[in-house]
2 protein chains.
Amino acid sequence: MTNRSELPTTRDEAVRRDADDPLRALSAHFDLPTGIIYLDGNSLGPPPRRAIDRLTHVAGVEWAGGLIKSWNDANWINLPKTCGAKVARLIGAAADDVIVADSVSANIFKLAGALWRRYGGAVGFEAGEFPTDSYVLQGLSDLSGAPLRQLPSGADPFAGDVKVFVKSAVDYKTAAIADISHIEKKAQAANGAVIWDLSHATGVVDLDLARDGALYAVGCGYKFLNGGPGAPAFVYAVGELAQSLRQPLSGWMGHAAPFAFDQQYAPAVGVSRFACGTPPILSLSALDAALDVFDGARMAQLETKARTLGDMFLSRVRSAGLETISPDVGERRGGHVSLRYEHGYEVVQALIARGVIGDFRAPDIMRFGFSPAYLSYADVWDGADALLSILQTEEWRKPEFAVRRSVT
Amino acid sequence: MTNRSELPTTRDEAVRRDADDPLRALSAHFDLPTGIIYLDGNSLGPPPRRAIDRLTHVAGVEWAGGLIKSWNDANWINLPKTCGAKVARLIGAAADDVIVADSVSANIFKLAGALWRRYGGAVGFEAGEFPTDSYVLQGLSDLSGAPLRQLPSGADPFAGDVKVFVKSAVDYKTAAIADISHIEKKAQAANGAVIWDLSHATGVVDLDLARDGALYAVGCGYKFLNGGPGAPAFVYAVGELAQSLRQPLSGWMGHAAPFAFDQQYAPAVGVSRFACGTPPILSLSALDAALDVFDGARMAQLETKARTLGDMFLSRVRSAGLETISPDVGERRGGHVSLRYEHGYEVVQALIARGVIGDFRAPDIMRFGFSPAYLSYADVWDGADALLSILQTEEWRKPEFAVRRSVT
């Protein structure tokens with residue numbers, strides 16, 4: 001919890017806070033463009049220098065020089081596991097219980113398919129869940145006949161016939177952190193299972209899945225993990241439980257012996273069976289290198305800094321009368337905040353023109369992400385300044401900011 | 001068809017053939033390591049220089065400099081389609097009918113799932129098909145209840161209850177080219193559908209899917225397309241047919257309006273609905289650049305050169321008494337040949353020690369790939385020389401060549 005009285009109230013105080021920041025060294029891993037304040041790491045993290053260096057090496061030396069031999073000699077074949085072990089450290093999982101593979105969407109399909117076959121009942125998700133989660137569950141339901149339930153947000157997911165429940169650990173809109181332990185207790189009482197979507201949580205929230213009794217999860221590599229655009233995602237499943245799961249995307253990389261070329265599928269040990277096709281080694285290597293930025297970092301410090309940055313930002317922009325849809329100062333909240341404003345689209349464009357990059361979600365949500373790995377308190381102070389100025393001067397009314405571009 | 005009498009019979013003739021090679025200019029795109037003769041492009045193509053340059057640019061400029069804005073400004077968001085259009089040129093498809101996404105394994109699942117829902121019946125594949133194809137179909141069958149049939153190789157796939165048939169256009173073991181037109185006629189007569197796995201065909205065989213009546217296909221980006229290790233794969237589906245398909249991996253990138261964040265899934269137009277999660281842009285960009293190597297190249301010339309290289313290789317090594325399991329000289333055959341030899345593992349290791357890289361498939365198959373884009377006739381002549389020498393001198397008996405490594 002951050003006490004509001006501890007928040008910097010002047011730019012000088014923000015600068016002093018930076019001098020005392022135990023995470024200050026992390027920002028040396030990044031070369032953000034000059035003049036940019038990047039408040040969109042919740043959508044796409046910037047490259048750690050080592051990720052770019054690694055990519056250069058993998059392409060120019062391992063691929064160009066080692067050719068096919070690099071599958072063994074550069075250990076490409078084990079990268080989904082070794083990279084998974086690096087993710088495991090950040091989420092409170094055993095090293096062997098995470099594998100990096102495919103996309104979050106594909107991984108939800110695999111895990112929900114496998115768990116529905118095991119737990120039965122219906123598959124559920126909450127109204128307002130990140131869209132791809134519900135899209136994929138619709139696809140799973142159409143193919144398999146698994147009953148699908150859209151539940152009211154905050155309802156007891158297991159009150160009805162739902163046995164497999166998909167939920168974001170950090171809500172993509174509000175950044176509210178779910179009570180993982182509480183929901184897992186309900187799941188266990190109902191003989192059900194939860195798939196945690198950690199996309200907006202990993203790398204910024206102090207997750208401890210083992211402590212909280214979470215058994216299954218998926219998550220994203222390109223947001224707070226800074227693994228690169230469309231970086232591969234991950235699957236977490238506790239080993240002894242994974243051991244009895246049959247996931248539907250049973251490609252050869254999840255086979256017990258991929259290069260034996262057996263005709264019959266036989267799943268690999270534990271979570272490794274959640275691999276499917278040949279992994280995209282270039283993208284996977286960038287993620288693998290980016291994860292090393294977190295070596296020795298304490299997730300509790302990262303979560304606290306992210307929330308404090310958000311609290312400071314909210315405390316400053318509150319005066320402008322913006323509606324906050326994120327949990328308020330002092331509550332547990334992930335790495336971003338969302339503000340509602342009728343002219344949010346134009347304001348975000350005006351901010352970008354000033355070098356302050358946030359994002360906009362239709363119809364009227366402005367999102368600002370506070371990655372503790374590379375943002376300073378002074379950065380966020382200045383970002384808030386820019387937002388206040390744009391609102392006060394109505395700079396956002398300039399015609400060029402109303403031009404709609406395709407948005408991501 | 002290559003008449004055997006036209007094959008180079010001396011190294012000088014091979015060198016002269018290189019001087020007349022209309023595809024000679026293509027090899028300037030590649031920087032293969034000095035002293036290496038690379039006969040494994042059927043497993044992993046080497047990097048075209050432009051793929052490495054593009055990767056450097058995408059990472060260092062688009063990701064590091066453009067950050068989230070590059071989804072629009074660098075057109076990452078359309079890369080699955082623009083890259084798909086480049087693949088389309090090579091397989092005789094309309095530009096809009098191919099999308100690059102995910103892996104071959106995932107794409108077989110998507111397409112077989114969608115087609116089974118449309119065509120009904122059972123899903124079939126031949127004994128000896130590339131293993132991941134059958135593994136994925138087992139996963140699909142287990143989840144959906146689709147009946148699964150393993151058919152004898154060469155049988156009429158639609159003689160029984162099979163309505164959806166998966167078949168490689170080029171067999172991964174023998175390199176035999178399937179008679180696409182013939183099998184499509186059987187499919188149409190039976191109101192069935194064929195999914196062509198083009199993994200070992202694209203970039204080396206003169207495919208004309210439109211001419212041959214092929215409606216659905218998947219294929220690989222990292223073999224003869226040289227897109228990089230684990231490069232994303234592709235899906236082909238004729239637009240007006242794709243329009244009524246519901247593929248099960250219905251992630252947000254296949255949604256008609258991904259950034260509208262609707263709660264209901266609504267598929268994108270045509271084959272675009274076969275996208276699923278956020279694509280791995282780094283790997284995808286390398287593939288996209290690699291495809292430009294084929295600009296202006298005639299696939300008929302590539303196929304002829306690949307087969308001629310293989311014919312020359314077979315004609316030379318025949319004297320050593322190796323059993324060929326590939327179609328013989330003069331028949332239609334893809335870009336590789338497979339030879340059976342009891343000590344194949346050791347021979348392949350001895351070849352690698354001499355800088356001639358082929359691959360080994362258990363229990364006793366040596367495979368050699370003849371990518372026409374970067375191999376010269378002299379290269380293949382010298383590769384055959386090395387093989388003959390290793391067999392004649394029994395160099396493969398050296399103890400170090402018997403050490404088993406994990407193989408890919």
# chains A, B, ... in the order shown; residues from 1 in each chain; ligands from 1
call {"tool": "calpha_fit_and_write", "arguments": {"fixed": "chain B", "moving": "chain A", "output": "compact mmCIF listing (two decimals) with C-alpha atoms, in the first residue's frame"}}
result
# COMPACT_ATOMS: atom_id res chain seq x y z
CA MET A 1 11.80 -34.35 -66.92
CA THR A 2 15.55 -34.47 -66.94
CA ASN A 3 17.06 -36.85 -69.41
CA ARG A 4 19.85 -38.69 -67.67
CA SER A 5 22.11 -38.09 -70.64
CA GLU A 6 21.86 -34.37 -69.90
CA LEU A 7 23.27 -34.70 -66.40
CA PRO A 8 26.81 -33.45 -65.84
CA THR A 9 29.16 -36.44 -65.80
CA THR A 10 32.30 -34.60 -64.72
CA ARG A 11 32.96 -31.77 -62.31
CA ASP A 12 33.90 -29.54 -65.25
CA GLU A 13 30.51 -30.20 -66.81
CA ALA A 14 28.86 -29.31 -63.49
CA VAL A 15 30.78 -26.03 -63.42
CA ARG A 16 29.72 -25.30 -67.02
CA ARG A 17 26.10 -26.01 -66.08
CA ASP A 18 26.41 -23.43 -63.32
CA ALA A 19 27.61 -20.84 -65.80
CA ASP A 20 24.44 -21.37 -67.84
CA ASP A 21 22.10 -21.56 -64.84
CA PRO A 22 19.23 -19.05 -65.22
CA LEU A 23 18.84 -19.13 -61.42
CA ARG A 24 22.48 -18.32 -60.70
CA ALA A 25 21.69 -14.81 -59.48
CA LEU A 26 19.57 -16.14 -56.62
CA SER A 27 22.58 -17.48 -54.76
CA ALA A 28 23.92 -13.95 -54.36
CA HIS A 29 21.20 -13.45 -51.73
CA PHE A 30 22.89 -15.92 -49.39
CA ASP A 31 26.15 -15.94 -47.40
CA LEU A 32 26.66 -19.59 -46.62
CA PRO A 33 29.58 -20.33 -44.31
CA THR A 34 32.87 -20.93 -46.10
CA GLY A 35 33.61 -24.59 -46.67
CA ILE A 36 30.03 -25.72 -46.08
CA ILE A 37 27.91 -27.55 -48.65
CA TYR A 38 24.43 -27.23 -47.24
CA LEU A 39 22.17 -30.09 -48.25
CA ASP A 40 19.63 -29.58 -45.45
CA GLY A 41 17.53 -26.70 -46.71
CA ASN A 42 14.59 -29.10 -46.61
CA SER A 43 14.85 -28.93 -42.81
CA LEU A 44 16.02 -25.35 -42.26
CA GLY A 45 16.82 -22.90 -45.04
CA PRO A 46 19.82 -20.57 -44.54
CA PRO A 47 19.21 -16.84 -44.11
CA PRO A 48 18.98 -14.63 -47.16
CA ARG A 49 21.00 -11.51 -46.37
CA ARG A 50 17.87 -9.40 -46.63
CA ALA A 51 16.16 -11.41 -43.91
CA ILE A 52 18.94 -10.55 -41.47
CA ASP A 53 18.94 -6.93 -42.58
CA ARG A 54 15.20 -6.73 -42.13
CA LEU A 55 15.38 -8.26 -38.68
CA THR A 56 17.97 -5.68 -37.67
CA HIS A 57 15.70 -2.93 -38.93
CA VAL A 58 12.54 -4.27 -37.33
CA ALA A 59 14.21 -4.71 -33.95
CA GLY A 60 16.41 -1.64 -33.89
CA VAL A 61 14.18 0.88 -35.66
CA GLU A 62 10.58 -0.30 -35.72
CA TRP A 63 10.47 -1.88 -32.26
CA ALA A 64 13.03 0.27 -30.44
CA GLY A 65 12.15 3.53 -32.15
CA GLY A 66 8.52 3.21 -33.23
CA LEU A 67 7.42 1.19 -30.20
CA ILE A 68 3.65 0.54 -30.15
CA LYS A 69 3.11 2.90 -33.09
CA SER A 70 4.82 0.44 -35.44
CA TRP A 71 1.72 -1.75 -35.42
CA ASN A 72 0.31 0.92 -37.71
CA ASP A 73 3.29 2.92 -38.97
CA ALA A 74 5.39 -0.11 -39.97
CA ASN A 75 2.26 -2.01 -40.98
CA TRP A 76 2.93 -4.91 -38.61
CA ILE A 77 -0.82 -5.37 -38.33
CA ASN A 78 -1.13 -6.34 -41.99
CA LEU A 79 2.04 -8.43 -42.19
CA PRO A 80 0.19 -11.77 -41.97
CA LYS A 81 -1.72 -10.76 -45.12
CA THR A 82 1.06 -9.06 -47.07
CA CYS A 83 3.40 -11.95 -46.31
CA GLY A 84 0.62 -14.37 -47.28
CA ALA A 85 0.32 -12.65 -50.65
CA LYS A 86 4.02 -13.32 -51.25
CA VAL A 87 3.50 -17.01 -50.49
CA ALA A 88 0.46 -17.06 -52.77
CA ARG A 89 2.61 -16.21 -55.82
CA LEU A 90 4.68 -19.35 -55.20
CA ILE A 91 1.79 -21.81 -54.96
CA GLY A 92 -0.58 -20.61 -57.65
CA ALA A 93 -3.08 -18.99 -55.31
CA ALA A 94 -4.88 -15.66 -55.33
CA ALA A 95 -3.08 -13.07 -53.20
CA ASP A 96 -5.98 -12.76 -50.76
CA ASP A 97 -6.33 -16.49 -50.19
CA VAL A 98 -3.21 -17.02 -48.07
CA ILE A 99 -2.45 -15.83 -44.56
CA VAL A 100 0.69 -16.39 -42.53
CA ALA A 101 0.05 -17.46 -38.95
CA ASP A 102 1.12 -19.86 -36.22
CA SER A 103 2.69 -23.23 -37.02
CA VAL A 104 1.85 -25.96 -39.53
CA SER A 105 0.58 -28.07 -36.63
CA ALA A 106 -1.81 -25.38 -35.37
CA ASN A 107 -2.93 -24.62 -38.91
CA ILE A 108 -3.80 -28.24 -39.64
CA PHE A 109 -5.91 -28.23 -36.49
CA LYS A 110 -7.72 -25.06 -37.54
CA LEU A 111 -8.37 -26.16 -41.09
CA ALA A 112 -9.27 -29.78 -40.30
CA GLY A 113 -11.55 -28.59 -37.50
CA ALA A 114 -13.28 -26.09 -39.75
CA LEU A 115 -13.64 -28.52 -42.65
CA TRP A 116 -14.89 -31.40 -40.52
CA ARG A 117 -17.64 -29.14 -39.22
CA ARG A 118 -18.55 -28.33 -42.82
CA TYR A 119 -18.02 -31.60 -44.67
CA GLY A 120 -18.76 -34.06 -41.84
CA GLY A 121 -17.74 -37.72 -42.14
CA ALA A 122 -14.36 -38.85 -40.90
CA VAL A 123 -10.95 -37.21 -41.05
CA GLY A 124 -8.26 -39.26 -42.77
CA PHE A 125 -4.52 -39.37 -43.32
CA GLU A 126 -2.17 -41.93 -44.79
CA ALA A 127 0.14 -44.24 -42.87
CA GLY A 128 3.61 -42.75 -43.11
CA GLU A 129 2.35 -39.15 -43.21
CA PHE A 130 4.54 -36.58 -41.45
CA PRO A 131 3.99 -37.35 -37.77
CA THR A 132 2.78 -33.97 -36.54
CA ASP A 133 -0.09 -34.06 -39.04
CA SER A 134 -1.39 -37.28 -37.53
CA TYR A 135 -0.70 -36.15 -33.94
CA VAL A 136 -2.74 -33.02 -34.42
CA LEU A 137 -5.59 -34.93 -36.04
CA GLN A 138 -5.59 -37.28 -33.05
CA GLY A 139 -5.93 -34.24 -30.79
CA LEU A 140 -8.74 -32.86 -32.93
CA SER A 141 -10.54 -36.20 -32.93
CA ASP A 142 -10.22 -36.62 -29.14
CA LEU A 143 -11.66 -33.15 -28.51
CA SER A 144 -14.37 -32.98 -31.15
CA GLY A 145 -15.37 -36.60 -31.63
CA ALA A 146 -14.46 -36.44 -35.33
CA PRO A 147 -13.85 -40.05 -36.44
CA LEU A 148 -10.22 -40.53 -37.49
CA ARG A 149 -9.00 -42.96 -40.14
CA GLN A 150 -5.45 -43.98 -40.91
CA LEU A 151 -5.46 -45.12 -44.53
CA PRO A 152 -2.99 -47.30 -46.41
CA SER A 153 -0.61 -45.18 -48.44
CA GLY A 154 -1.92 -44.69 -51.96
CA ALA A 155 -5.47 -45.92 -51.23
CA ASP A 156 -8.44 -43.93 -52.50
CA PRO A 157 -8.93 -41.67 -49.47
CA PHE A 158 -12.63 -41.19 -50.15
CA ALA A 159 -13.55 -44.84 -50.69
CA GLY A 160 -14.84 -45.09 -47.11
CA ASP A 161 -16.36 -42.45 -44.84
CA VAL A 162 -13.49 -39.95 -44.99
CA LYS A 163 -14.62 -36.49 -46.03
CA VAL A 164 -11.58 -34.49 -44.90
CA PHE A 165 -8.22 -35.83 -46.02
CA VAL A 166 -4.81 -34.45 -45.05
CA LYS A 167 -1.91 -35.17 -47.35
CA SER A 168 1.59 -33.86 -47.98
CA ALA A 169 2.13 -32.56 -51.50
CA VAL A 170 5.73 -33.73 -51.20
CA ASP A 171 6.38 -36.70 -48.95
CA TYR A 172 8.85 -35.83 -46.17
CA LYS A 173 10.66 -39.13 -46.57
CA THR A 174 10.62 -39.93 -50.26
CA ALA A 175 10.02 -36.48 -51.79
CA ALA A 176 7.42 -38.03 -54.12
CA ILE A 177 5.13 -35.31 -55.49
CA ALA A 178 1.46 -36.11 -55.09
CA ASP A 179 -0.96 -35.90 -57.99
CA ILE A 180 -2.93 -32.99 -56.60
CA SER A 181 -5.35 -32.70 -59.49
CA HIS A 182 -6.19 -36.43 -59.43
CA ILE A 183 -6.90 -36.50 -55.70
CA GLU A 184 -8.93 -33.28 -55.87
CA LYS A 185 -11.15 -34.87 -58.52
CA LYS A 186 -11.81 -37.77 -56.16
CA ALA A 187 -12.56 -35.34 -53.35
CA GLN A 188 -15.03 -33.41 -55.42
CA ALA A 189 -16.76 -36.58 -56.58
CA ALA A 190 -17.13 -37.62 -52.95
CA ASN A 191 -18.15 -34.17 -51.67
CA GLY A 192 -15.04 -34.22 -49.58
CA ALA A 193 -12.09 -31.90 -49.08
CA VAL A 194 -8.31 -32.21 -49.09
CA ILE A 195 -5.91 -30.25 -46.89
CA TRP A 196 -2.58 -30.17 -48.68
CA ASP A 197 0.45 -29.96 -46.43
CA LEU A 198 2.86 -28.02 -48.62
CA SER A 199 5.70 -27.98 -46.09
CA HIS A 200 8.23 -29.83 -48.23
CA ALA A 201 6.89 -28.41 -51.51
CA THR A 202 6.65 -24.64 -51.22
CA GLY A 203 9.60 -22.83 -52.74
CA VAL A 204 10.89 -25.84 -54.63
CA VAL A 205 7.94 -27.36 -56.51
CA ASP A 206 6.04 -25.59 -59.25
CA LEU A 207 2.69 -25.69 -57.48
CA ASP A 208 -0.42 -24.37 -59.17
CA LEU A 209 -3.20 -24.91 -56.69
CA ALA A 210 -5.79 -22.98 -58.68
CA ARG A 211 -5.10 -25.02 -61.84
CA ASP A 212 -5.18 -28.29 -59.91
CA GLY A 213 -8.40 -27.49 -58.10
CA ALA A 214 -6.83 -27.46 -54.62
CA LEU A 215 -9.00 -25.52 -52.20
CA TYR A 216 -7.25 -25.81 -48.82
CA ALA A 217 -3.62 -26.04 -47.76
CA VAL A 218 -1.09 -25.32 -45.04
CA GLY A 219 2.65 -24.97 -45.32
CA CYS A 220 5.90 -24.18 -43.61
CA GLY A 221 8.03 -21.04 -43.71
CA TYR A 222 11.41 -22.35 -42.59
CA LYS A 223 12.35 -24.97 -45.15
CA PHE A 224 12.70 -23.98 -48.81
CA LEU A 225 11.29 -20.52 -48.05
CA ASN A 226 14.33 -19.76 -45.84
CA GLY A 227 12.22 -17.78 -43.37
CA GLY A 228 14.23 -18.67 -40.26
CA PRO A 229 14.06 -21.34 -37.55
CA GLY A 230 10.42 -21.95 -36.65
CA ALA A 231 9.24 -19.24 -39.07
CA PRO A 232 5.47 -18.85 -39.04
CA ALA A 233 3.45 -21.13 -41.29
CA PHE A 234 0.62 -20.35 -43.68
CA VAL A 235 -2.98 -21.26 -44.42
CA TYR A 236 -4.54 -21.25 -47.88
CA ALA A 237 -8.27 -21.37 -48.39
CA VAL A 238 -10.16 -20.16 -51.44
CA GLY A 239 -11.87 -16.96 -50.37
CA GLU A 240 -15.51 -17.71 -51.04
CA LEU A 241 -15.18 -21.12 -49.35
CA ALA A 242 -13.25 -19.71 -46.39
CA GLN A 243 -16.07 -17.25 -45.98
CA SER A 244 -18.37 -19.93 -44.61
CA LEU A 245 -15.80 -21.72 -42.44
CA ARG A 246 -15.61 -21.39 -38.66
CA GLN A 247 -12.15 -22.30 -37.50
CA PRO A 248 -11.86 -23.35 -33.86
CA LEU A 249 -8.80 -21.27 -32.87
CA SER A 250 -10.88 -18.13 -33.10
CA GLY A 251 -8.50 -15.65 -31.51
CA TRP A 252 -8.76 -11.89 -31.80
CA MET A 253 -6.44 -11.51 -34.79
CA GLY A 254 -8.97 -13.46 -36.88
CA HIS A 255 -11.82 -11.22 -35.73
CA ALA A 256 -13.47 -8.87 -38.20
CA ALA A 257 -12.61 -5.90 -35.93
CA PRO A 258 -9.97 -6.93 -33.38
CA PHE A 259 -9.70 -3.51 -31.78
CA ALA A 260 -13.40 -2.90 -31.39
CA PHE A 261 -13.18 -5.22 -28.36
CA ASP A 262 -16.61 -6.70 -29.03
CA GLN A 263 -17.57 -9.50 -26.72
CA GLN A 264 -18.90 -11.67 -29.56
CA TYR A 265 -16.61 -13.32 -32.07
CA ALA A 266 -17.23 -12.32 -35.69
CA PRO A 267 -14.79 -13.80 -38.21
CA ALA A 268 -12.74 -11.63 -40.54
CA VAL A 269 -13.26 -11.85 -44.30
CA GLY A 270 -12.04 -14.97 -46.10
CA VAL A 271 -8.82 -16.67 -45.06
CA SER A 272 -7.99 -13.83 -42.64
CA ARG A 273 -10.20 -15.60 -40.12
CA PHE A 274 -7.48 -18.24 -39.81
CA ALA A 275 -5.32 -15.83 -37.82
CA CYS A 276 -5.47 -16.45 -34.08
CA GLY A 277 -3.24 -14.63 -31.56
CA THR A 278 -0.81 -11.74 -31.93
CA PRO A 279 1.77 -12.81 -34.53
CA PRO A 280 5.49 -13.01 -33.67
CA ILE A 281 6.55 -9.98 -35.67
CA LEU A 282 10.29 -10.57 -35.47
CA SER A 283 10.08 -14.07 -36.93
CA LEU A 284 7.35 -13.02 -39.34
CA SER A 285 9.43 -10.12 -40.68
CA ALA A 286 12.39 -12.39 -41.40
CA LEU A 287 10.12 -14.67 -43.42
CA ASP A 288 8.56 -11.74 -45.22
CA ALA A 289 11.98 -10.48 -46.32
CA ALA A 290 13.17 -13.98 -47.25
CA LEU A 291 10.23 -14.37 -49.60
CA ASP A 292 11.46 -11.44 -51.68
CA VAL A 293 14.34 -13.65 -52.84
CA PHE A 294 11.76 -15.34 -55.08
CA ASP A 295 10.77 -12.05 -56.77
CA GLY A 296 10.64 -12.74 -60.47
CA ALA A 297 11.89 -16.32 -60.12
CA ARG A 298 9.99 -18.91 -62.12
CA MET A 299 8.93 -21.84 -59.99
CA ALA A 300 9.18 -24.19 -62.96
CA GLN A 301 12.88 -23.37 -63.23
CA LEU A 302 13.36 -23.91 -59.51
CA GLU A 303 11.64 -27.30 -59.61
CA THR A 304 13.62 -28.41 -62.65
CA LYS A 305 16.94 -27.38 -61.15
CA ALA A 306 16.18 -29.06 -57.81
CA ARG A 307 15.27 -32.29 -59.56
CA THR A 308 18.30 -32.15 -61.83
CA LEU A 309 20.59 -31.62 -58.86
CA GLY A 310 18.94 -34.61 -57.18
CA ASP A 311 19.19 -36.71 -60.32
CA MET A 312 22.90 -35.92 -60.66
CA PHE A 313 23.47 -36.78 -57.00
CA LEU A 314 21.56 -40.07 -57.28
CA SER A 315 23.27 -40.97 -60.52
CA ARG A 316 26.67 -40.53 -58.87
CA VAL A 317 25.99 -42.32 -55.58
CA ARG A 318 24.14 -45.22 -57.19
CA SER A 319 27.49 -46.93 -57.79
CA ALA A 320 27.98 -47.19 -54.01
CA GLY A 321 25.02 -49.54 -53.73
CA LEU A 322 22.81 -47.26 -51.62
CA GLU A 323 19.10 -47.99 -51.70
CA THR A 324 17.07 -45.02 -52.93
CA ILE A 325 13.63 -44.65 -51.42
CA SER A 326 12.86 -41.53 -53.45
CA PRO A 327 11.32 -41.56 -56.92
CA ASP A 328 14.00 -42.44 -59.42
CA VAL A 329 15.69 -40.28 -62.01
CA GLY A 330 13.24 -38.74 -64.41
CA GLU A 331 10.16 -39.00 -62.22
CA ARG A 332 8.53 -36.01 -60.58
CA ARG A 333 10.20 -35.46 -57.24
CA GLY A 334 10.54 -32.58 -54.78
CA GLY A 335 13.70 -30.97 -53.50
CA HIS A 336 15.32 -33.79 -51.57
CA VAL A 337 16.30 -37.42 -51.88
CA SER A 338 16.40 -40.14 -49.25
CA LEU A 339 18.83 -43.02 -49.19
CA ARG A 340 18.67 -46.02 -46.92
CA TYR A 341 21.87 -47.24 -45.35
CA GLU A 342 22.40 -49.31 -42.23
CA HIS A 343 25.13 -46.98 -41.00
CA GLY A 344 23.40 -43.85 -42.20
CA TYR A 345 23.75 -42.10 -38.86
CA GLU A 346 27.53 -42.46 -38.88
CA VAL A 347 27.80 -41.50 -42.54
CA VAL A 348 25.83 -38.29 -41.97
CA GLN A 349 28.13 -37.42 -39.05
CA ALA A 350 31.21 -38.08 -41.20
CA LEU A 351 29.77 -35.85 -43.92
CA ILE A 352 29.13 -33.07 -41.42
CA ALA A 353 32.75 -33.36 -40.28
CA ARG A 354 33.71 -32.69 -43.90
CA GLY A 355 31.37 -29.71 -44.11
CA VAL A 356 28.62 -31.47 -46.07
CA ILE A 357 25.41 -31.10 -44.11
CA GLY A 358 22.52 -33.48 -44.69
CA ASP A 359 20.24 -35.06 -42.15
CA PHE A 360 19.42 -38.44 -40.72
CA ARG A 361 16.02 -39.88 -39.89
CA ALA A 362 15.80 -42.97 -37.72
CA PRO A 363 16.27 -45.79 -38.23
CA ASP A 364 18.42 -45.69 -41.36
CA ILE A 365 17.46 -42.83 -43.70
CA MET A 366 19.92 -40.23 -44.98
CA ARG A 367 18.21 -37.18 -46.49
CA PHE A 368 19.86 -34.66 -48.76
CA GLY A 369 18.11 -31.50 -49.85
CA PHE A 370 18.85 -29.63 -53.07
CA SER A 371 17.63 -26.10 -52.73
CA PRO A 372 17.92 -24.55 -56.18
CA ALA A 373 18.11 -21.03 -54.73
CA TYR A 374 21.65 -21.25 -53.38
CA LEU A 375 23.21 -24.58 -54.40
CA SER A 376 25.35 -24.89 -57.50
CA TYR A 377 25.83 -28.01 -59.60
CA ALA A 378 29.46 -27.99 -58.47
CA ASP A 379 28.35 -27.95 -54.80
CA VAL A 380 26.22 -31.02 -55.31
CA TRP A 381 28.93 -32.73 -57.34
CA ASP A 382 31.35 -32.17 -54.45
CA GLY A 383 28.77 -33.33 -51.91
CA ALA A 384 28.36 -36.58 -53.81
CA ASP A 385 32.14 -36.92 -53.97
CA ALA A 386 32.35 -36.62 -50.20
CA LEU A 387 29.65 -39.25 -49.70
CA LEU A 388 31.33 -41.67 -52.10
CA SER A 389 34.69 -41.15 -50.44
CA ILE A 390 33.31 -41.72 -46.95
CA LEU A 391 31.68 -44.95 -48.08
CA GLN A 392 34.68 -46.19 -50.06
CA THR A 393 37.23 -45.47 -47.33
CA GLU A 394 34.81 -46.47 -44.53
CA GLU A 395 35.72 -43.21 -42.87
CA TRP A 396 32.34 -43.39 -41.13
CA ARG A 397 33.71 -46.16 -38.89
CA LYS A 398 35.72 -43.64 -36.84
CA PRO A 399 34.43 -43.91 -33.27
CA GLU A 400 33.51 -40.22 -32.99
CA PHE A 401 30.85 -40.62 -35.67
CA ALA A 402 28.99 -43.22 -33.64
CA VAL A 403 28.31 -40.85 -30.74
CA ARG A 404 24.56 -40.22 -30.65
CA ARG A 405 23.49 -36.65 -30.17
CA SER A 406 19.95 -35.50 -29.85
CA VAL A 407 18.83 -35.08 -33.41
CA THR A 408 16.55 -32.65 -35.10
call {"tool": "select_by_dssp", "arguments": {"residues": "range 286-343 of chain A", "states": "helix (DSSP H, G or I)", "output": "PyMOL selection string"}}
result
chain A and resi 286-294+299-320
call {"tool": "select_by_dssp", "arguments": {"residues": "range 82-284 of chain B", "states": "strand (DSSP E or B)", "output": "VMD selection string"}}
result
chain B and resid 98 to 100 122 to 126 148 to 151 162 to 168 170 176 to 177 193 to 197 216 to 219 234 to 237 255 267
call {"tool": "decode", "arguments": {"residues": "range 135-141 of chain B", "atoms": "N, CA and C atoms", "output": "PDB file, in the first residue's frame"}}
result
ATOM      1  N   TYR B 135      -0.549 -36.483 -35.365  1.00  0.00           N
ATOM      2  CA  TYR B 135      -0.697 -36.154 -33.931  1.00  0.00           C
ATOM      3  C   TYR B 135      -1.810 -35.116 -33.731  1.00  0.00           C
ATOM      4  N   VAL B 136      -1.777 -34.091 -34.559  1.00  0.00           N
ATOM      5  CA  VAL B 136      -2.752 -33.007 -34.410  1.00  0.00           C
ATOM      6  C   VAL B 136      -4.157 -33.513 -34.726  1.00  0.00           C
ATOM      7  N   LEU B 137      -4.258 -34.380 -35.711  1.00  0.00           N
ATOM      8  CA  LEU B 137      -5.583 -34.926 -36.036  1.00  0.00           C
ATOM      9  C   LEU B 137      -6.082 -35.816 -34.897  1.00  0.00           C
ATOM     10  N   GLN B 138      -5.176 -36.509 -34.213  1.00  0.00           N
ATOM     11  CA  GLN B 138      -5.593 -37.281 -33.028  1.00  0.00           C
ATOM     12  C   GLN B 138      -6.145 -36.346 -31.957  1.00  0.00           C
ATOM     13  N   GLY B 139      -5.464 -35.205 -31.756  1.00  0.00           N
ATOM     14  CA  GLY B 139      -5.938 -34.231 -30.774  1.00  0.00           C
ATOM     15  C   GLY B 139      -7.291 -33.658 -31.149  1.00  0.00           C
ATOM     16  N   LEU B 140      -7.463 -33.382 -32.427  1.00  0.00           N
ATOM     17  CA  LEU B 140      -8.746 -32.865 -32.912  1.00  0.00           C
ATOM     18  C   LEU B 140      -9.853 -33.884 -32.702  1.00  0.00           C
ATOM     19  N   SER B 141      -9.552 -35.124 -33.030  1.00  0.00           N
ATOM     20  CA  SER B 141     -10.539 -36.197 -32.903  1.00  0.00           C
ATOM     21  C   SER B 141     -10.936 -36.403 -31.435  1.00  0.00           C
TER      22      SER B 141
END
